[in-house]
Amino acid sequence: MSLAEKQRGLIEDLNLIPDIQERLGALTAYAARMKYDPARQTDDKLVPGCVSRVWLHGELLDGTTRFVCEADSPMVKALAAVLCDLYTGATPAEVVETEPEIWTACQFTKMLSPTRLNGLASVRRRIHDLALQWRAAE
């Protein structure tokens, strides 16, 4: 399944929940599945531009990406975990070329503050930058 197909499926599944607040609440399941090694909570893993502290670890395994995160805030962790889950399993090229549409398509932009949206953009930028490095090394 391509990254674009994965994203479409995620959007379709979330949009089955009619209430936007409940839809946003459903994202906490992503945070619960995200296991981040506390030893990786180092300054070099911090994502700049986030009000809450967000740690992001990425790696390339057999040509596909893997991302995990941790955050001080449960909601921020849930939002960042959605991005990590979305981009995990994709090729670096797919990660670079595919922007997250979930925030707009699920109407989360109406519910999230500009500060949170800026933090999500920072997480996306870090994921993008890691994928660019891996793609260049291939």
# chains A, B, ... in the order shown; residues from 1 in each chain; ligands from 1
>>> select_by_dssp(residues="stretch 11-63 of chain A", states="helix (DSSP H, G or I)", output="list of chain:residue names")
A:Ile11, A:Glu12, A:Asp13, A:Leu14, A:Ile20, A:Gln21, A:Glu22, A:Arg23, A:Leu24, A:Gly25, A:Ala26, A:Thr28, A:Ala29, A:Tyr30, A:Ala31, A:Ala32, A:Arg33, A:Pro38, A:Ala39, A:Arg40, A:Asp43, A:Asp44, A:Lys45
>>> residues_around(residues="A:Val76", least_positions_apart="5", cutoff="9 Å", atoms="only C-alpha atoms", output="list in words")
Ala31, Ser52, Arg53, Val54, Glu70, Ala71, Ala81, Arg116, Gly119 and Leu120 of chain A
>>> write_last_selection(atoms="C-alpha atoms", output="mmCIF file, in the first residue's frame")
data_model
loop_
_atom_site.group_PDB
_atom_site.id
_atom_site.type_symbol
_atom_site.label_atom_id
_atom_site.label_comp_id
_atom_site.auth_asym_id
_atom_site.auth_seq_id
_atom_site.Cartn_x
_atom_site.Cartn_y
_atom_site.Cartn_z
ATOM 1 C CA ALA A 31 -0.258 7.827 21.387
ATOM 2 C CA SER A 52 5.514 21.320 24.375
ATOM 3 C CA ARG A 53 8.661 19.265 24.295
ATOM 4 C CA VAL A 54 8.494 16.686 21.508
ATOM 5 C CA GLU A 70 7.255 11.243 22.840
ATOM 6 C CA ALA A 71 5.863 14.524 24.150
ATOM 7 C CA ALA A 81 2.121 9.955 16.847
ATOM 8 C CA ARG A 116 -0.428 23.447 17.833
ATOM 9 C CA GLY A 119 4.195 22.506 16.243
ATOM 10 C CA LEU A 120 2.796 19.859 13.895
#
>>> closest_residue(among="A:Pro74, A:Leu130, A:Gly89, A:Ala39", to="A:Leu61", atoms="only C-alpha atoms")
A:Gly89
>>> closest_atom_pairs(of="stretch 45-116 of chain A", to="stretch 15-21 of chain A", cutoff="8 Å", atoms="only C-alpha atoms", output="Markdown table")
| residue | atom | partner | partner_atom | distance |
| --- | --- | --- | --- | --- |
| A:Cys106 | CA | A:Asn15 | CA | 6.1 |
| A:Gln107 | CA | A:Ile20 | CA | 7.1 |
| A:Phe108 | CA | A:Ile20 | CA | 7.2 |
| A:Met111 | CA | A:Gln21 | CA | 7.8 |
>>> write_last_selection(atoms="N, CA and C atoms", output="PDB file, in the first residue's frame")
ATOM      1  N   CYS A 106      -9.843  16.094   7.889  1.00  0.00           N
ATOM      2  CA  CYS A 106     -10.656  15.686   9.042  1.00  0.00           C
ATOM      3  C   CYS A 106     -11.148  16.890   9.842  1.00  0.00           C
ATOM      4  N   GLN A 107     -10.920  18.076   9.324  1.00  0.00           N
ATOM      5  CA  GLN A 107     -11.359  19.342   9.921  1.00  0.00           C
ATOM      6  C   GLN A 107     -10.710  19.636  11.266  1.00  0.00           C
ATOM      7  N   PHE A 108      -9.534  19.054  11.527  1.00  0.00           N
ATOM      8  CA  PHE A 108      -8.840  19.329  12.779  1.00  0.00           C
ATOM      9  C   PHE A 108      -8.304  20.754  12.809  1.00  0.00           C
ATOM     10  N   MET A 111     -10.174  22.943  14.993  1.00  0.00           N
ATOM     11  CA  MET A 111     -10.146  22.663  16.429  1.00  0.00           C
ATOM     12  C   MET A 111      -8.790  22.958  17.080  1.00  0.00           C
TER      13      MET A 111
END
>>> closest_residue(among="A:Cys50, A:Val95, A:Cys69, A:Ala136", to="A:Ala121", atoms="only C-alpha atoms")
A:Cys50
>>> closest_atom_pairs(of="stretch 38-111 of chain A", to="stretch 9-14 of chain A", cutoff="10 Å", atoms="only C-alpha atoms", output="Markdown table")
| residue | atom | partner | partner_atom | distance |
| --- | --- | --- | --- | --- |
| A:Val82 | CA | A:Leu10 | CA | 9.6 |
| A:Leu86 | CA | A:Leu10 | CA | 8.4 |
| A:Glu101 | CA | A:Ile11 | CA | 8.3 |
| A:Ile102 | CA | A:Ile11 | CA | 5.9 |
| A:Trp103 | CA | A:Ile11 | CA | 9.1 |
| A:Thr104 | CA | A:Ile11 | CA | 9.7 |
| A:Ala105 | CA | A:Ile11 | CA | 6.7 |
| A:Cys106 | CA | A:Ile11 | CA | 6.4 |
>>> atom_distance(atom1="atom CA of A:Thr65", atom2="atom CA of A:Thr91")
6.1 Å
>>> closest_residue(among="A:Pro38, A:Val51, A:Lys45, A:Ile127", to="A:Ser73", atoms="only C-alpha atoms")
A:Val51
>>> select_by_dssp(residues="stretch 3-134 of chain A", states="strand (DSSP E or B)", output="PyMOL selection string")
chain A and resi 46+54-61+64-71
>>> atom_distance(atom1="atom CA of A:Met34", atom2="atom CA of A:Pro114")
24.6 Å
>>> closest_residue(among="A:Ala80, A:Arg66, A:His128, A:Ala29", to="A:Glu99", atoms="only C-alpha atoms")
A:His128
>>> atom_distance(atom1="atom CA of A:Arg40", atom2="atom CA of A:Asp129")
18.6 Å
>>> residues_around(residues="A:Ala137", least_positions_apart="5", cutoff="12 Å", atoms="only C-alpha atoms", output="PyMOL selection string")
chain A and resi 60+63+92-93+130-132
>>> write_last_selection(atoms="C-alpha atoms", output="mmCIF file, in the first residue's frame")
data_model
loop_
_atom_site.group_PDB
_atom_site.id
_atom_site.type_symbol
_atom_site.label_atom_id
_atom_site.label_comp_id
_atom_site.auth_asym_id
_atom_site.auth_seq_id
_atom_site.Cartn_x
_atom_site.Cartn_y
_atom_site.Cartn_z
ATOM 1 C CA LEU A 60 15.688 3.677 7.941
ATOM 2 C CA GLY A 63 14.616 0.857 2.689
ATOM 3 C CA PRO A 92 12.162 8.141 2.017
ATOM 4 C CA ALA A 93 10.984 9.409 -1.388
ATOM 5 C CA LEU A 130 15.359 12.944 7.960
ATOM 6 C CA ALA A 131 13.819 11.386 4.841
ATOM 7 C CA LEU A 132 15.760 13.824 2.637
#
>>> closest_residue(among="A:Arg135, A:Arg33, A:Arg8, A:Arg124", to="A:Ala78", atoms="only C-alpha atoms")
A:Arg33
>>> decode(residues="stretch 5-112 of chain A", atoms="C-alpha atoms", output="PDB file, in the first residue's frame")
ATOM      1  CA  GLU A   5      -3.398   5.147  -0.016  1.00  0.00           C
ATOM      2  CA  LYS A   6      -2.526   4.755   3.666  1.00  0.00           C
ATOM      3  CA  GLN A   7      -3.325   8.414   4.279  1.00  0.00           C
ATOM      4  CA  ARG A   8      -6.640   8.203   2.370  1.00  0.00           C
ATOM      5  CA  GLY A   9      -7.648   5.170   4.429  1.00  0.00           C
ATOM      6  CA  LEU A  10      -6.794   6.919   7.681  1.00  0.00           C
ATOM      7  CA  ILE A  11      -8.808   9.993   6.671  1.00  0.00           C
ATOM      8  CA  GLU A  12     -11.780   7.851   5.634  1.00  0.00           C
ATOM      9  CA  ASP A  13     -11.686   5.892   8.893  1.00  0.00           C
ATOM     10  CA  LEU A  14     -11.501   9.020  11.048  1.00  0.00           C
ATOM     11  CA  ASN A  15     -14.249  10.769   9.102  1.00  0.00           C
ATOM     12  CA  LEU A  16     -16.604   7.893   9.983  1.00  0.00           C
ATOM     13  CA  ILE A  17     -16.754   9.573  13.398  1.00  0.00           C
ATOM     14  CA  PRO A  18     -19.274  12.396  12.857  1.00  0.00           C
ATOM     15  CA  ASP A  19     -18.304  14.632  15.805  1.00  0.00           C
ATOM     16  CA  ILE A  20     -15.005  16.507  15.309  1.00  0.00           C
ATOM     17  CA  GLN A  21     -14.205  16.478  19.043  1.00  0.00           C
ATOM     18  CA  GLU A  22     -14.701  12.715  19.197  1.00  0.00           C
ATOM     19  CA  ARG A  23     -12.644  12.340  16.014  1.00  0.00           C
ATOM     20  CA  LEU A  24      -9.830  14.314  17.618  1.00  0.00           C
ATOM     21  CA  GLY A  25     -10.160  12.204  20.762  1.00  0.00           C
ATOM     22  CA  ALA A  26      -9.771   9.040  18.692  1.00  0.00           C
ATOM     23  CA  LEU A  27      -6.206  10.105  17.937  1.00  0.00           C
ATOM     24  CA  THR A  28      -5.188   9.256  21.496  1.00  0.00           C
ATOM     25  CA  ALA A  29      -5.112   5.603  20.407  1.00  0.00           C
ATOM     26  CA  TYR A  30      -2.036   6.459  18.331  1.00  0.00           C
ATOM     27  CA  ALA A  31      -0.258   7.827  21.387  1.00  0.00           C
ATOM     28  CA  ALA A  32      -1.057   4.677  23.377  1.00  0.00           C
ATOM     29  CA  ARG A  33       0.605   2.499  20.719  1.00  0.00           C
ATOM     30  CA  MET A  34       3.718   4.687  20.496  1.00  0.00           C
ATOM     31  CA  LYS A  35       6.550   3.224  22.581  1.00  0.00           C
ATOM     32  CA  TYR A  36       9.498   5.596  22.921  1.00  0.00           C
ATOM     33  CA  ASP A  37      12.677   4.550  24.691  1.00  0.00           C
ATOM     34  CA  PRO A  38      13.270   7.065  27.516  1.00  0.00           C
ATOM     35  CA  ALA A  39      17.010   6.849  26.819  1.00  0.00           C
ATOM     36  CA  ARG A  40      16.282   8.613  23.493  1.00  0.00           C
ATOM     37  CA  GLN A  41      14.796  11.663  25.210  1.00  0.00           C
ATOM     38  CA  THR A  42      17.911  13.643  24.460  1.00  0.00           C
ATOM     39  CA  ASP A  43      18.316  17.222  23.267  1.00  0.00           C
ATOM     40  CA  ASP A  44      19.295  16.148  19.745  1.00  0.00           C
ATOM     41  CA  LYS A  45      15.889  14.423  19.389  1.00  0.00           C
ATOM     42  CA  LEU A  46      13.890  17.501  20.469  1.00  0.00           C
ATOM     43  CA  VAL A  47      11.823  19.066  17.701  1.00  0.00           C
ATOM     44  CA  PRO A  48      12.391  22.829  17.572  1.00  0.00           C
ATOM     45  CA  GLY A  49       9.339  25.044  17.165  1.00  0.00           C
ATOM     46  CA  CYS A  50       7.051  23.108  19.490  1.00  0.00           C
ATOM     47  CA  VAL A  51       5.688  24.713  22.657  1.00  0.00           C
ATOM     48  CA  SER A  52       5.514  21.320  24.375  1.00  0.00           C
ATOM     49  CA  ARG A  53       8.661  19.265  24.295  1.00  0.00           C
ATOM     50  CA  VAL A  54       8.494  16.686  21.508  1.00  0.00           C
ATOM     51  CA  TRP A  55      11.163  14.078  20.906  1.00  0.00           C
ATOM     52  CA  LEU A  56      11.298  12.379  17.525  1.00  0.00           C
ATOM     53  CA  HIS A  57      13.427   9.410  16.540  1.00  0.00           C
ATOM     54  CA  GLY A  58      13.603   8.162  12.982  1.00  0.00           C
ATOM     55  CA  GLU A  59      15.471   5.362  11.307  1.00  0.00           C
ATOM     56  CA  LEU A  60      15.688   3.677   7.941  1.00  0.00           C
ATOM     57  CA  LEU A  61      15.336  -0.114   8.015  1.00  0.00           C
ATOM     58  CA  ASP A  62      15.584  -2.143   4.815  1.00  0.00           C
ATOM     59  CA  GLY A  63      14.616   0.857   2.689  1.00  0.00           C
ATOM     60  CA  THR A  64      11.583   1.928   4.716  1.00  0.00           C
ATOM     61  CA  THR A  65      11.208   4.532   7.416  1.00  0.00           C
ATOM     62  CA  ARG A  66      10.305   4.109  11.064  1.00  0.00           C
ATOM     63  CA  PHE A  67       9.377   7.009  13.331  1.00  0.00           C
ATOM     64  CA  VAL A  68       8.519   7.144  17.036  1.00  0.00           C
ATOM     65  CA  CYS A  69       7.869  10.106  19.298  1.00  0.00           C
ATOM     66  CA  GLU A  70       7.255  11.243  22.840  1.00  0.00           C
ATOM     67  CA  ALA A  71       5.863  14.524  24.150  1.00  0.00           C
ATOM     68  CA  ASP A  72       5.134  16.270  27.437  1.00  0.00           C
ATOM     69  CA  SER A  73       1.492  16.807  26.516  1.00  0.00           C
ATOM     70  CA  PRO A  74      -0.818  13.824  25.853  1.00  0.00           C
ATOM     71  CA  MET A  75      -2.641  15.651  23.023  1.00  0.00           C
ATOM     72  CA  VAL A  76       0.619  16.735  21.389  1.00  0.00           C
ATOM     73  CA  LYS A  77       1.910  13.185  21.643  1.00  0.00           C
ATOM     74  CA  ALA A  78      -1.276  11.909  19.982  1.00  0.00           C
ATOM     75  CA  LEU A  79      -0.974  14.384  17.102  1.00  0.00           C
ATOM     76  CA  ALA A  80       2.736  13.713  16.579  1.00  0.00           C
ATOM     77  CA  ALA A  81       2.121   9.955  16.847  1.00  0.00           C
ATOM     78  CA  VAL A  82      -0.358  10.170  13.963  1.00  0.00           C
ATOM     79  CA  LEU A  83       2.399  11.641  11.783  1.00  0.00           C
ATOM     80  CA  CYS A  84       4.894   9.015  12.950  1.00  0.00           C
ATOM     81  CA  ASP A  85       2.449   6.218  12.223  1.00  0.00           C
ATOM     82  CA  LEU A  86       1.484   7.700   8.866  1.00  0.00           C
ATOM     83  CA  TYR A  87       5.067   7.958   7.611  1.00  0.00           C
ATOM     84  CA  THR A  88       6.356   4.698   9.141  1.00  0.00           C
ATOM     85  CA  GLY A  89       6.769   2.001   6.511  1.00  0.00           C
ATOM     86  CA  ALA A  90       7.112   4.436   3.615  1.00  0.00           C
ATOM     87  CA  THR A  91      10.163   4.965   1.462  1.00  0.00           C
ATOM     88  CA  PRO A  92      12.162   8.141   2.017  1.00  0.00           C
ATOM     89  CA  ALA A  93      10.984   9.409  -1.388  1.00  0.00           C
ATOM     90  CA  GLU A  94       7.322   8.922  -0.428  1.00  0.00           C
ATOM     91  CA  VAL A  95       7.887  10.730   2.868  1.00  0.00           C
ATOM     92  CA  VAL A  96       9.471  13.691   1.084  1.00  0.00           C
ATOM     93  CA  GLU A  97       6.767  13.881  -1.591  1.00  0.00           C
ATOM     94  CA  THR A  98       3.622  13.310   0.523  1.00  0.00           C
ATOM     95  CA  GLU A  99       2.321  16.112   2.692  1.00  0.00           C
ATOM     96  CA  PRO A 100      -0.095  15.315   5.508  1.00  0.00           C
ATOM     97  CA  GLU A 101      -3.660  16.106   4.457  1.00  0.00           C
ATOM     98  CA  ILE A 102      -5.254  14.663   7.570  1.00  0.00           C
ATOM     99  CA  TRP A 103      -5.454  17.944   9.513  1.00  0.00           C
ATOM    100  CA  THR A 104      -7.556  19.640   6.841  1.00  0.00           C
ATOM    101  CA  ALA A 105      -9.445  16.596   5.540  1.00  0.00           C
ATOM    102  CA  CYS A 106     -10.656  15.686   9.042  1.00  0.00           C
ATOM    103  CA  GLN A 107     -11.359  19.342   9.921  1.00  0.00           C
ATOM    104  CA  PHE A 108      -8.840  19.329  12.779  1.00  0.00           C
ATOM    105  CA  THR A 109      -7.560  22.733  11.630  1.00  0.00           C
ATOM    106  CA  LYS A 110     -10.843  24.134  12.996  1.00  0.00           C
ATOM    107  CA  MET A 111     -10.146  22.663  16.429  1.00  0.00           C
ATOM    108  CA  LEU A 112      -6.384  23.094  16.835  1.00  0.00           C
TER     109      LEU A 112
END
